[in-house]
$ cat structure.txt   # compact mmCIF, C-alpha atoms
# COMPACT_ATOMS: atom_id res chain seq x y z
CA MET A 71 -102.21 24.10 -8.24
CA SER A 72 -100.65 25.79 -11.24
CA VAL A 73 -99.46 29.22 -10.19
CA VAL A 74 -99.09 32.69 -11.59
CA GLU A 75 -95.50 32.86 -12.85
CA LYS A 76 -94.31 35.71 -10.67
CA VAL A 77 -90.64 36.60 -10.93
CA TYR A 78 -88.85 36.71 -7.57
CA PRO A 79 -85.34 38.04 -6.88
CA MET A 80 -82.89 35.29 -6.01
CA ARG A 81 -82.52 36.76 -2.55
CA GLU A 82 -86.23 36.17 -1.84
CA VAL A 83 -86.13 32.64 -3.23
CA ARG A 84 -83.17 31.74 -1.00
CA ARG A 85 -84.94 33.23 2.00
CA ALA A 86 -88.07 31.27 1.11
CA ARG A 87 -85.99 28.08 1.01
CA TYR A 88 -84.84 28.58 4.60
CA ALA A 89 -88.36 29.54 5.66
CA VAL A 90 -89.82 26.33 4.23
CA ALA A 91 -86.97 24.36 5.85
CA ALA A 92 -88.02 25.83 9.20
CA VAL A 93 -91.62 24.79 8.52
CA PHE A 94 -90.44 21.24 7.80
CA ALA A 95 -88.55 21.23 11.12
CA VAL A 96 -91.64 22.46 12.99
CA HIS A 97 -93.74 19.74 11.33
CA GLY A 98 -91.25 17.09 12.40
CA ALA A 99 -91.03 18.45 15.95
CA VAL A 100 -94.78 17.91 16.43
CA THR A 101 -94.39 14.26 15.43
CA GLY A 102 -91.42 13.78 17.76
CA SER A 103 -93.24 15.46 20.64
CA PHE A 104 -96.25 13.19 20.24
CA ALA A 105 -94.34 9.92 19.79
CA THR A 106 -92.48 10.17 23.10
CA ARG A 107 -95.67 10.59 25.14
CA VAL A 108 -97.67 7.73 23.66
CA PRO A 109 -97.18 5.60 26.83
CA TRP A 110 -98.61 8.45 28.97
CA ILE A 111 -101.56 8.85 26.58
CA GLN A 112 -102.16 5.08 26.71
CA ASP A 113 -102.27 5.09 30.52
CA HIS A 114 -104.42 8.22 30.65
CA ALA A 115 -107.03 6.67 28.34
CA PHE A 116 -106.83 3.24 30.10
CA LEU A 117 -106.03 1.37 26.88
CA GLY A 118 -104.63 -2.08 26.30
CA ALA A 119 -102.05 -2.82 23.62
CA GLY A 120 -104.66 -3.85 21.05
CA GLN A 121 -106.77 -0.75 21.68
CA LEU A 122 -103.72 1.48 21.35
CA GLY A 123 -102.82 -0.21 18.07
CA LEU A 124 -106.32 0.51 16.77
CA ALA A 125 -106.12 4.17 17.82
CA LEU A 126 -102.72 4.61 16.19
CA ALA A 127 -104.20 3.65 12.83
CA PHE A 128 -106.37 6.79 12.84
CA PRO A 129 -103.64 9.38 12.06
CA ALA A 130 -102.90 7.66 8.74
CA LEU A 131 -106.63 7.31 8.06
CA GLY A 132 -107.21 11.01 8.74
CA ALA A 133 -104.26 12.00 6.58
CA SER A 134 -105.40 9.84 3.68
CA VAL A 135 -108.90 11.37 3.76
CA ALA A 136 -107.79 15.00 4.14
CA MET A 137 -104.71 15.29 1.93
CA PRO A 138 -106.70 15.73 -1.32
CA LEU A 139 -108.24 18.86 0.24
CA ALA A 140 -104.90 20.69 0.44
CA GLY A 141 -104.89 21.66 -3.24
CA GLY A 142 -108.29 23.35 -2.96
CA ILE A 143 -107.22 25.25 0.15
CA SER A 144 -104.07 26.51 -1.57
CA HIS A 145 -106.11 27.50 -4.63
CA ARG A 146 -108.57 29.51 -2.56
CA PHE A 147 -106.23 31.25 -0.14
CA GLY A 148 -102.86 31.21 -1.91
CA ALA A 149 -99.85 29.12 -0.98
CA ARG A 150 -98.57 31.32 1.86
CA ASN A 151 -101.88 31.78 3.67
CA ALA A 152 -102.80 28.14 3.15
CA LEU A 153 -99.52 26.95 4.66
CA ARG A 154 -99.86 29.44 7.52
CA GLY A 155 -103.30 28.13 8.44
CA LEU A 156 -102.50 24.45 7.94
CA ILE A 157 -99.25 24.47 9.92
CA ALA A 158 -101.02 26.24 12.81
CA LEU A 159 -103.81 23.66 12.68
CA TRP A 160 -101.19 20.89 12.78
CA THR A 161 -99.19 22.30 15.70
CA LEU A 162 -102.32 23.01 17.77
CA SER A 163 -103.70 19.52 17.09
CA LEU A 164 -100.81 18.17 19.19
CA ILE A 165 -102.85 19.09 22.27
CA LEU A 166 -105.82 16.88 21.42
CA PRO A 167 -104.56 13.28 21.98
CA SER A 168 -103.37 13.94 25.53
CA LEU A 169 -106.83 15.27 26.45
CA ALA A 170 -108.64 12.09 25.34
CA PRO A 171 -110.04 10.12 28.31
CA ASN A 172 -111.01 6.95 26.41
CA LEU A 173 -110.60 5.00 23.17
CA LEU A 174 -113.37 6.73 21.22
CA THR A 175 -112.20 10.25 21.95
CA LEU A 176 -108.58 9.28 21.30
CA CYS A 177 -109.50 7.86 17.88
CA LEU A 178 -111.31 11.10 17.02
CA ALA A 179 -108.41 13.20 18.27
CA LEU A 180 -105.89 11.19 16.28
CA PHE A 181 -108.05 11.42 13.16
CA VAL A 182 -107.95 15.24 13.38
CA TYR A 183 -104.24 15.08 14.26
CA GLY A 184 -103.51 12.99 11.16
CA ALA A 185 -105.76 15.03 8.87
CA SER A 186 -104.03 18.29 9.80
CA ALA A 187 -100.63 16.62 9.46
CA GLY A 188 -101.43 15.38 5.95
CA MET A 189 -102.77 18.68 4.64
CA ALA A 190 -99.80 20.63 6.00
CA ASP A 191 -97.49 17.98 4.54
CA VAL A 192 -98.91 18.43 1.03
CA ALA A 193 -98.81 22.25 1.23
CA MET A 194 -95.21 22.47 2.41
CA ASN A 195 -93.96 19.86 -0.07
CA ALA A 196 -95.69 21.69 -2.94
CA LEU A 197 -93.95 24.92 -1.93
CA GLY A 198 -90.65 23.07 -1.59
CA VAL A 199 -90.97 21.72 -5.14
CA GLU A 200 -91.75 25.20 -6.47
CA ILE A 201 -88.70 26.69 -4.76
CA GLU A 202 -86.55 23.82 -6.06
CA ASN A 203 -87.75 24.59 -9.59
CA ARG A 204 -86.87 28.27 -9.25
CA LEU A 205 -83.44 27.57 -7.79
CA GLY A 206 -82.72 24.97 -10.46
CA ARG A 207 -81.10 22.53 -8.04
CA SER A 208 -82.23 19.82 -5.62
CA ILE A 209 -83.36 20.90 -2.15
CA MET A 210 -86.09 18.37 -1.29
CA SER A 211 -83.77 15.89 0.41
CA GLY A 212 -82.42 18.64 2.65
CA LEU A 213 -85.94 19.79 3.49
CA HIS A 214 -86.87 16.29 4.60
CA GLY A 215 -83.60 16.18 6.52
CA MET A 216 -84.83 19.24 8.41
CA TRP A 217 -88.05 17.34 9.16
CA SER A 218 -85.96 14.51 10.65
CA ALA A 219 -83.92 17.01 12.66
CA GLY A 220 -87.11 18.57 13.97
CA ALA A 221 -88.45 15.14 14.93
CA LEU A 222 -85.24 14.40 16.84
CA ILE A 223 -85.47 17.72 18.71
CA GLY A 224 -89.13 17.16 19.53
CA SER A 225 -88.47 13.62 20.73
CA ALA A 226 -85.50 14.78 22.84
CA ALA A 227 -87.67 17.39 24.56
CA GLY A 228 -90.42 14.81 25.02
CA THR A 229 -87.96 12.34 26.53
CA LEU A 230 -86.90 14.94 29.08
CA ALA A 231 -90.53 15.74 29.88
CA ALA A 232 -91.30 12.05 30.37
CA HIS A 233 -88.15 11.56 32.48
CA PHE A 234 -89.27 14.28 34.90
CA GLY A 235 -92.82 12.93 35.02
CA SER A 236 -94.44 15.90 33.29
CA ASP A 237 -98.15 15.73 32.55
CA ALA A 238 -98.43 15.29 28.76
CA ARG A 239 -101.32 17.76 28.67
CA VAL A 240 -99.05 20.49 30.02
CA HIS A 241 -96.08 19.40 27.91
CA HIS A 242 -98.06 19.29 24.67
CA THR A 243 -99.83 22.58 25.34
CA LEU A 244 -96.51 24.37 25.87
CA ALA A 245 -94.92 22.62 22.88
CA ALA A 246 -97.90 23.46 20.66
CA ALA A 247 -97.74 27.14 21.66
CA VAL A 248 -94.03 27.42 20.91
CA LEU A 249 -94.22 25.49 17.64
CA THR A 250 -97.26 27.46 16.46
CA VAL A 251 -95.40 30.74 16.91
CA LEU A 252 -92.30 29.39 15.15
CA GLY A 253 -94.37 28.01 12.28
CA LEU A 254 -96.30 31.24 11.75
CA VAL A 255 -93.12 33.34 11.82
CA ALA A 256 -91.44 31.04 9.28
CA CYS A 257 -94.45 31.27 6.94
CA THR A 258 -93.94 35.03 6.70
CA TRP A 259 -91.08 34.49 4.25
CA VAL A 260 -92.36 31.66 2.05
CA LEU A 261 -93.30 32.48 -1.55
CA ASP A 262 -96.78 33.98 -1.87
CA LEU A 263 -97.90 31.93 -4.87
CA GLN A 264 -101.37 32.55 -6.30
CA PRO A 265 -103.43 30.54 -8.81
CA ALA A 266 -103.92 31.86 -12.33
CA GLU A 267 -107.05 34.02 -12.66
CA ASP A 268 -108.71 31.72 -15.19
CA GLU A 269 -107.80 28.48 -13.39
CA GLU A 270 -110.67 26.30 -12.24
CA PRO A 271 -110.49 25.23 -8.59
CA PRO A 272 -109.43 21.60 -8.20
CA PRO A 273 -112.09 19.04 -7.24
CA ARG A 274 -112.43 18.37 -3.53
CA PHE A 275 -111.69 14.71 -4.07
CA ALA A 276 -110.02 13.26 -7.13
CA LEU A 277 -108.09 10.14 -7.97
CA PRO A 278 -104.36 10.79 -8.30
CA PRO A 279 -102.99 10.86 -11.86
CA LYS A 280 -101.40 7.71 -13.25
CA SER A 281 -97.93 9.27 -13.01
CA ALA A 282 -98.44 9.80 -9.29
CA LEU A 283 -99.42 6.15 -8.85
CA LEU A 284 -96.17 4.97 -10.44
CA ILE A 285 -94.08 7.40 -8.40
CA GLY A 286 -96.07 6.50 -5.29
CA ALA A 287 -95.17 2.84 -5.79
CA ILE A 288 -91.49 3.74 -5.37
CA GLY A 289 -92.37 5.73 -2.25
CA PHE A 290 -94.41 2.79 -0.95
CA CYS A 291 -91.36 0.51 -1.07
CA ALA A 292 -89.17 3.05 0.74
CA VAL A 293 -91.69 3.90 3.45
CA PHE A 294 -92.45 0.22 4.02
CA ALA A 295 -88.76 -0.38 4.70
CA GLU A 296 -88.59 2.71 6.90
CA GLY A 297 -91.64 1.78 8.96
CA ALA A 298 -90.48 -1.81 9.37
CA SER A 299 -87.02 -0.74 10.47
CA LEU A 300 -88.20 1.95 12.88
CA ASP A 301 -90.76 -0.25 14.61
CA TRP A 302 -89.02 -3.62 14.46
CA SER A 303 -85.24 -3.06 14.47
CA ALA A 304 -85.04 -3.00 18.28
CA VAL A 305 -87.30 -6.05 18.51
CA TYR A 306 -85.13 -7.85 15.95
CA LEU A 307 -81.96 -7.30 17.98
CA ARG A 308 -83.63 -7.96 21.33
CA HIS A 309 -85.40 -11.21 20.48
CA GLN A 310 -83.74 -12.55 17.34
CA LEU A 311 -80.16 -11.87 18.46
CA ASP A 312 -80.73 -11.78 22.24
CA THR A 313 -79.08 -8.40 22.86
CA SER A 314 -79.59 -6.02 25.76
CA ALA A 315 -82.48 -3.57 25.68
CA GLY A 316 -80.04 -0.65 25.53
CA LEU A 317 -78.20 -2.00 22.48
CA ALA A 318 -81.50 -2.77 20.76
CA ALA A 319 -82.68 0.80 21.32
CA ALA A 320 -79.35 2.12 20.04
CA CYS A 321 -79.96 0.31 16.75
CA THR A 322 -83.19 2.23 16.18
CA THR A 323 -81.50 5.51 17.10
CA GLY A 324 -78.65 4.74 14.71
CA PHE A 325 -81.08 4.00 11.91
CA THR A 326 -82.87 7.33 12.49
CA LEU A 327 -79.62 9.30 12.60
CA THR A 328 -78.38 7.62 9.42
CA MET A 329 -81.52 8.69 7.59
CA ALA A 330 -81.32 12.26 8.89
CA VAL A 331 -77.66 12.69 7.91
CA ALA A 332 -78.21 11.12 4.49
CA ARG A 333 -81.13 13.45 3.78
CA VAL A 334 -79.20 16.55 4.77
CA ALA A 335 -76.34 15.55 2.46
CA GLY A 336 -78.55 14.05 -0.25
CA ASP A 337 -79.14 17.15 -2.38
CA ARG A 338 -75.52 17.33 -3.52
CA VAL A 339 -75.63 13.69 -4.56
CA VAL A 340 -78.87 14.21 -6.48
CA ASP A 341 -77.54 17.30 -8.25
CA ARG A 342 -74.46 15.38 -9.36
CA PHE A 343 -75.96 12.03 -10.34
CA GLY A 344 -79.67 12.71 -10.86
CA SER A 345 -82.73 11.19 -9.20
CA VAL A 346 -82.74 7.90 -11.08
CA ARG A 347 -79.14 6.91 -10.44
CA THR A 348 -79.34 8.09 -6.83
CA VAL A 349 -82.42 5.97 -6.12
CA ARG A 350 -80.96 2.95 -7.94
CA ALA A 351 -77.77 3.17 -5.90
CA GLY A 352 -79.87 3.62 -2.77
CA GLY A 353 -81.86 0.54 -3.67
CA VAL A 354 -78.67 -1.50 -3.97
CA LEU A 355 -77.53 -0.28 -0.54
CA ALA A 356 -80.94 -1.06 0.97
CA VAL A 357 -80.90 -4.59 -0.48
CA LEU A 358 -77.38 -5.15 0.83
CA GLY A 359 -78.52 -3.93 4.23
CA GLY A 360 -81.53 -6.24 4.15
CA LEU A 361 -79.35 -9.23 3.30
CA LEU A 362 -77.03 -8.42 6.23
CA ILE A 363 -80.05 -8.25 8.55
CA ILE A 364 -81.33 -11.61 7.32
CA VAL A 365 -78.03 -13.47 7.73
CA ALA A 366 -76.84 -11.63 10.83
CA GLY A 367 -75.54 -13.84 13.60
CA HIS A 368 -74.03 -10.93 15.52
CA PRO A 369 -75.57 -7.61 16.61
CA VAL A 370 -72.90 -5.57 14.82
CA VAL A 371 -73.79 -7.17 11.50
CA ALA A 372 -77.50 -6.48 11.99
CA MET A 373 -76.85 -2.89 13.07
CA THR A 374 -74.71 -2.38 9.99
CA GLY A 375 -77.54 -3.77 7.90
CA PHE A 376 -80.09 -1.37 9.41
CA ALA A 377 -77.69 1.54 8.90
CA LEU A 378 -77.29 0.64 5.21
CA MET A 379 -81.07 0.28 4.93
CA GLY A 380 -81.51 3.80 6.30
CA LEU A 381 -78.82 5.19 4.03
CA GLY A 382 -80.38 3.55 0.98
CA ILE A 383 -83.96 4.72 1.47
CA ALA A 384 -83.31 8.16 3.00
CA VAL A 385 -83.70 10.32 -0.10
CA VAL A 386 -86.35 8.27 -1.92
CA VAL A 387 -89.48 9.93 -0.49
CA PRO A 388 -88.19 13.51 -1.00
CA LEU A 389 -87.37 12.64 -4.61
CA CYS A 390 -90.82 11.10 -5.08
CA PHE A 391 -92.47 14.32 -3.92
CA ALA A 392 -90.20 16.35 -6.21
CA ALA A 393 -90.98 14.12 -9.20
CA ALA A 394 -94.71 14.23 -8.44
CA GLY A 395 -94.63 18.01 -8.37
CA ARG A 396 -93.25 18.02 -11.93
CA SER A 397 -95.34 15.17 -13.32
CA GLY A 398 -98.38 17.13 -14.45
CA PRO A 399 -100.30 20.41 -14.49
CA ASN A 400 -101.56 20.07 -10.90
CA PRO A 401 -98.60 19.58 -8.53
CA SER A 402 -100.70 19.63 -5.34
CA GLN A 403 -102.95 16.84 -6.62
CA ALA A 404 -99.98 14.70 -7.68
CA ILE A 405 -98.15 15.30 -4.38
CA ALA A 406 -101.33 14.47 -2.45
CA GLY A 407 -101.60 11.20 -4.41
CA VAL A 408 -98.01 10.22 -3.64
CA ALA A 409 -98.40 11.26 0.00
CA THR A 410 -101.54 9.15 0.35
CA ILE A 411 -99.75 6.08 -0.97
CA THR A 412 -96.73 6.59 1.29
CA TYR A 413 -98.92 7.21 4.37
CA THR A 414 -100.76 4.00 3.56
CA SER A 415 -97.44 2.16 3.40
CA GLY A 416 -96.46 3.55 6.78
CA LEU A 417 -99.77 2.30 8.17
CA VAL A 418 -99.51 -1.17 6.63
CA ALA A 419 -95.82 -1.91 7.24
CA PRO A 420 -95.67 -2.41 11.04
CA SER A 421 -98.72 -4.68 11.17
CA ALA A 422 -97.66 -6.60 8.05
CA ILE A 423 -94.22 -7.27 9.52
CA GLY A 424 -95.78 -8.35 12.82
CA GLY A 425 -98.33 -10.62 11.17
CA LEU A 426 -95.74 -12.31 8.96
CA ALA A 427 -93.37 -12.69 11.92
CA GLN A 428 -96.16 -14.30 13.95
CA ALA A 429 -96.81 -16.79 11.15
CA THR A 430 -93.14 -17.43 10.31
CA SER A 431 -90.29 -15.36 11.79
CA LEU A 432 -88.79 -11.88 11.80
CA VAL A 433 -86.11 -13.14 9.42
CA VAL A 434 -88.80 -13.92 6.83
CA SER A 435 -90.43 -10.54 7.50
CA PHE A 436 -87.24 -8.70 6.65
CA GLY A 437 -86.91 -10.90 3.60
CA LEU A 438 -90.10 -9.17 2.42
CA VAL A 439 -88.56 -5.77 3.22
CA THR A 440 -85.48 -6.70 1.20
CA ALA A 441 -87.61 -7.83 -1.75
CA LEU A 442 -89.46 -4.49 -1.75
CA ALA A 443 -86.14 -2.67 -1.58
CA CYS A 444 -85.26 -4.35 -4.88
CA GLY A 445 -88.13 -2.37 -6.37
CA LEU A 446 -86.21 0.85 -5.74
CA ALA A 447 -83.38 -0.25 -8.00
CA VAL A 448 -85.63 -1.83 -10.64
CA PHE A 449 -88.28 0.87 -11.00
CA ALA A 450 -86.29 4.04 -10.29
CA GLY A 451 -86.72 5.05 -13.93
CA VAL A 452 -90.21 6.43 -13.18
CA LEU A 453 -88.45 9.39 -11.54
CA ARG A 454 -86.67 10.29 -14.79
CA ALA A 455 -89.29 12.87 -15.81
CA GLY A 456 -88.41 14.92 -12.75
CA ASP A 457 -84.76 15.06 -13.82
CA ARG A 458 -85.60 15.79 -17.43
CA ASP A 459 -88.12 18.53 -16.69
CA ARG A 460 -86.18 20.31 -13.97
CA PRO A 461 -85.59 23.85 -15.23
CA THR A 462 -82.10 25.17 -14.97
CA VAL A 463 -82.88 28.61 -16.42
CA SER A 464 -86.56 29.36 -16.99
CA PRO A 465 -87.53 32.84 -18.15
CA ALA A 466 -90.99 32.44 -16.69
CA SER A 467 -90.24 30.98 -13.28
CA ALA A 468 -86.54 31.36 -12.58
CA ALA A 469 -85.48 33.87 -10.00
CA VAL A 470 -83.93 37.18 -10.96
CA PRO A 471 -80.33 37.36 -9.74
CA ASP A 472 -79.93 39.76 -6.85
CA PRO A 473 -77.69 42.63 -8.08
CA ARG A 474 -76.35 43.24 -4.59
CA PRO A 475 -73.52 41.07 -3.22
$ encode --input "structure.txt" --output "structure tokens"
Amino acid sequence: MSVVEKVYPMREVRRARYAVAAVFAVHGAVTGSFATRVPWIQDHAFLGAGQLGLALAFPALGASVAMPLAGGISHRFGARNALRGLIALWTLSLILPSLAPNLLTLCLALFVYGASAGMADVAMNALGVEIENRLGRSIMSGLHGMWSAGALIGSAAGTLAAHFGSDARVHHTLAAAVLTVLGLVACTWVLDLQPAEDEEPPPRFALPPKSALLIGAIGFCAVFAEGASLDWSAVYLRHQLDTSAGLAAACTTGFTLTMAVARVAGDRVVDRFGSVRTVRAGGVLAVLGGLLIIVAGHPVVAMTGFALMGLGIAVVVPLCFAAAGRSGPNPSQAIAGVATITYTSGLVAPSAIGGLAQATSLVVSFGLVTALACGLAVFAGVLRAGDRDRPTVSPASAAVPDPRP
């Protein structure tokens, strides 16, 4: 959605940045809250492992179908109202999976859950890109760092609820109520962007532009490595290196924390070195991490490899969204295209790693992850347009400095 170029005081733009950061944290907290109660949901719906795996494919399917709709919603209602409605839909959808009594209803619930997640994701990333443009410096990595922080908080609360044997229906209802209120309050201070009066509404469904496909390919590589590491790092240590279950779990936690910290600190690196050099350096780190994982004969070496993998890929997806938002006249459509590709990668990665490991070994599987990580270093140049086009002082869209101290 191209927007009316309204001039905002710098004070309002800074406030909007923190408001969108809070929305990112709320979005992540929903994901963390859900992930920790999957075993309860599985038992409640009487599902086997294969049935659960089928059901867990539906969030990505729902997101892929619904994300192209986000641009039209923002065009019709304006960015603030659209985000307010979509974030509320996302937080309230947390209740649905725990209510499902069987496989069919769980698949339907997770489809709605994923669809609302994807639309809110596109809306908040589009607003984040717009605020980044007006500030004239990188903020997208930090925003995604807030998402990771929210996911950690949500998962910590969910772990406590599971530890005390709480019914997931009660837990998710309370969590949804709290997160809905927080999300709606945060949306009060985001920028109220409106489409130009003569702008045609975007089509309900449209293929992403070619630029988004190229940027999405970079995101695909990063998300594939992320999904593989999150789902298989503990298994790698437990079965490939014969470690304890506790140490294997600590590897996954360390990977997650590395990504969160790198994202929070990533904006300063991007502002200093630019998107292309940052992603190329990250690709080198990810490849080095992958090589350590492949050759590891000791748990410490493998854990170091996973930490380097997380450090290398942490800022790639935020930078892909930022570049997509600057790649053409319709940021929401480009962001939706990149998001669809990355969601697809997250869906494909765990099963692809498992299938390849079944046919060969986990070592070979992470050889594939390492090869894809090479793509980050080789093809990072597609993000160059985002660096080149980033406005530092734009008379149309830059914020007006606040005269008060």
$ closest_residue --input "structure.txt" --among "A:Leu176, A:Val357, A:Arg150, A:Pro79" --to "Leu122 in chain A" --atoms "only C-alpha atoms"
A:Leu176
$ closest_residue --input "structure.txt" --among "A:Leu252, A:Ala119, A:Ala140, A:Ile111" --to "Val96 in chain A" --atoms "all atoms listed in the file"
A:Leu252
$ closest_residue --input "structure.txt" --among "A:Val448, A:Leu417, A:Thr175, A:Ala335" --to "Ala130 in chain A" --atoms "all atoms listed in the file"
A:Leu417
$ atom_distance --input "structure.txt" --atom1 "CA of Val386 in chain A" --atom2 "CA of Gly352 in chain A"
8.0 Å
$ atom_distance --input "structure.txt" --atom1 "CA of Gly142 in chain A" --atom2 "CA of Ile411 in chain A"
19.4 Å
$ atom_distance --input "structure.txt" --atom1 "CA of Leu355 in chain A" --atom2 "CA of Asn195 in chain A"
26.0 Å
$ residues_around --input "structure.txt" --residues "Leu283 in chain A" --least-positions-apart "3" --cutoff "10 Å" --atoms "only C-alpha atoms" --output "VMD selection string"
chain A and resid 277 to 280 286 to 290 394 404 407 to 408 410 to 411
$ residues_near_point --input "structure.txt" --point "(-98.2, 25.7, 11.3)" --cutoff "10 Å" --atoms "only C-alpha atoms" --output "PyMOL selection string"
chain A and resi 93-94+96-97+100+152-162+186-187+190+194+246+249-257
$ residues_around --input "structure.txt" --residues "Ala406 in chain A" --least-positions-apart "3" --cutoff "10 Å" --atoms "all atoms listed in the file" --output "ChimeraX atom specification"
/A:133-134,136-141,188-189,191-193,195-196,276-278,282,286,391,394-395,401-403,409-412
$ build_atoms --input "structure.txt" --residues "range 372-388 of chain A" --atoms "N, CA and C atoms" --output "PDB file, keeping the file's coordinate frame"
ATOM      1  N   ALA A 372     -76.121  -6.947  12.148  1.00  0.00           N
ATOM      2  CA  ALA A 372     -77.500  -6.480  11.990  1.00  0.00           C
ATOM      3  C   ALA A 372     -77.573  -4.958  12.042  1.00  0.00           C
ATOM      4  N   MET A 373     -76.846  -4.347  12.959  1.00  0.00           N
ATOM      5  CA  MET A 373     -76.850  -2.890  13.070  1.00  0.00           C
ATOM      6  C   MET A 373     -76.277  -2.241  11.825  1.00  0.00           C
ATOM      7  N   THR A 374     -75.258  -2.866  11.257  1.00  0.00           N
ATOM      8  CA  THR A 374     -74.710  -2.380   9.990  1.00  0.00           C
ATOM      9  C   THR A 374     -75.754  -2.487   8.885  1.00  0.00           C
ATOM     10  N   GLY A 375     -76.493  -3.590   8.891  1.00  0.00           N
ATOM     11  CA  GLY A 375     -77.540  -3.770   7.900  1.00  0.00           C
ATOM     12  C   GLY A 375     -78.627  -2.715   8.013  1.00  0.00           C
ATOM     13  N   PHE A 376     -79.066  -2.402   9.228  1.00  0.00           N
ATOM     14  CA  PHE A 376     -80.090  -1.370   9.410  1.00  0.00           C
ATOM     15  C   PHE A 376     -79.556   0.005   9.017  1.00  0.00           C
ATOM     16  N   ALA A 377     -78.279   0.260   9.296  1.00  0.00           N
ATOM     17  CA  ALA A 377     -77.690   1.540   8.900  1.00  0.00           C
ATOM     18  C   ALA A 377     -77.667   1.683   7.382  1.00  0.00           C
ATOM     19  N   LEU A 378     -77.289   0.606   6.676  1.00  0.00           N
ATOM     20  CA  LEU A 378     -77.290   0.640   5.210  1.00  0.00           C
ATOM     21  C   LEU A 378     -78.714   0.774   4.665  1.00  0.00           C
ATOM     22  N   MET A 379     -79.669   0.149   5.336  1.00  0.00           N
ATOM     23  CA  MET A 379     -81.070   0.280   4.930  1.00  0.00           C
ATOM     24  C   MET A 379     -81.492   1.752   5.016  1.00  0.00           C
ATOM     25  N   GLY A 380     -81.175   2.394   6.140  1.00  0.00           N
ATOM     26  CA  GLY A 380     -81.510   3.800   6.300  1.00  0.00           C
ATOM     27  C   GLY A 380     -80.830   4.687   5.285  1.00  0.00           C
ATOM     28  N   LEU A 381     -79.566   4.416   5.020  1.00  0.00           N
ATOM     29  CA  LEU A 381     -78.820   5.190   4.030  1.00  0.00           C
ATOM     30  C   LEU A 381     -79.417   5.026   2.646  1.00  0.00           C
ATOM     31  N   GLY A 382     -79.868   3.824   2.316  1.00  0.00           N
ATOM     32  CA  GLY A 382     -80.380   3.550   0.980  1.00  0.00           C
ATOM     33  C   GLY A 382     -81.737   4.161   0.697  1.00  0.00           C
ATOM     34  N   ILE A 383     -82.589   4.243   1.703  1.00  0.00           N
ATOM     35  CA  ILE A 383     -83.960   4.720   1.470  1.00  0.00           C
ATOM     36  C   ILE A 383     -84.145   6.193   1.831  1.00  0.00           C
ATOM     37  N   ALA A 384     -83.135   6.825   2.409  1.00  0.00           N
ATOM     38  CA  ALA A 384     -83.310   8.160   3.000  1.00  0.00           C
ATOM     39  C   ALA A 384     -83.863   9.187   2.034  1.00  0.00           C
ATOM     40  N   VAL A 385     -83.336   9.237   0.811  1.00  0.00           N
ATOM     41  CA  VAL A 385     -83.700  10.320  -0.100  1.00  0.00           C
ATOM     42  C   VAL A 385     -84.851   9.943  -1.043  1.00  0.00           C
ATOM     43  N   VAL A 386     -85.365   8.735  -0.938  1.00  0.00           N
ATOM     44  CA  VAL A 386     -86.350   8.270  -1.920  1.00  0.00           C
ATOM     45  C   VAL A 386     -87.645   9.073  -1.819  1.00  0.00           C
ATOM     46  N   VAL A 387     -88.200   9.219  -0.624  1.00  0.00           N
ATOM     47  CA  VAL A 387     -89.480   9.930  -0.490  1.00  0.00           C
ATOM     48  C   VAL A 387     -89.362  11.395  -0.906  1.00  0.00           C
ATOM     49  N   PRO A 388     -88.315  12.134  -0.489  1.00  0.00           N
ATOM     50  CA  PRO A 388     -88.190  13.510  -1.000  1.00  0.00           C
ATOM     51  C   PRO A 388     -88.145  13.575  -2.527  1.00  0.00           C
TER      52      PRO A 388
END
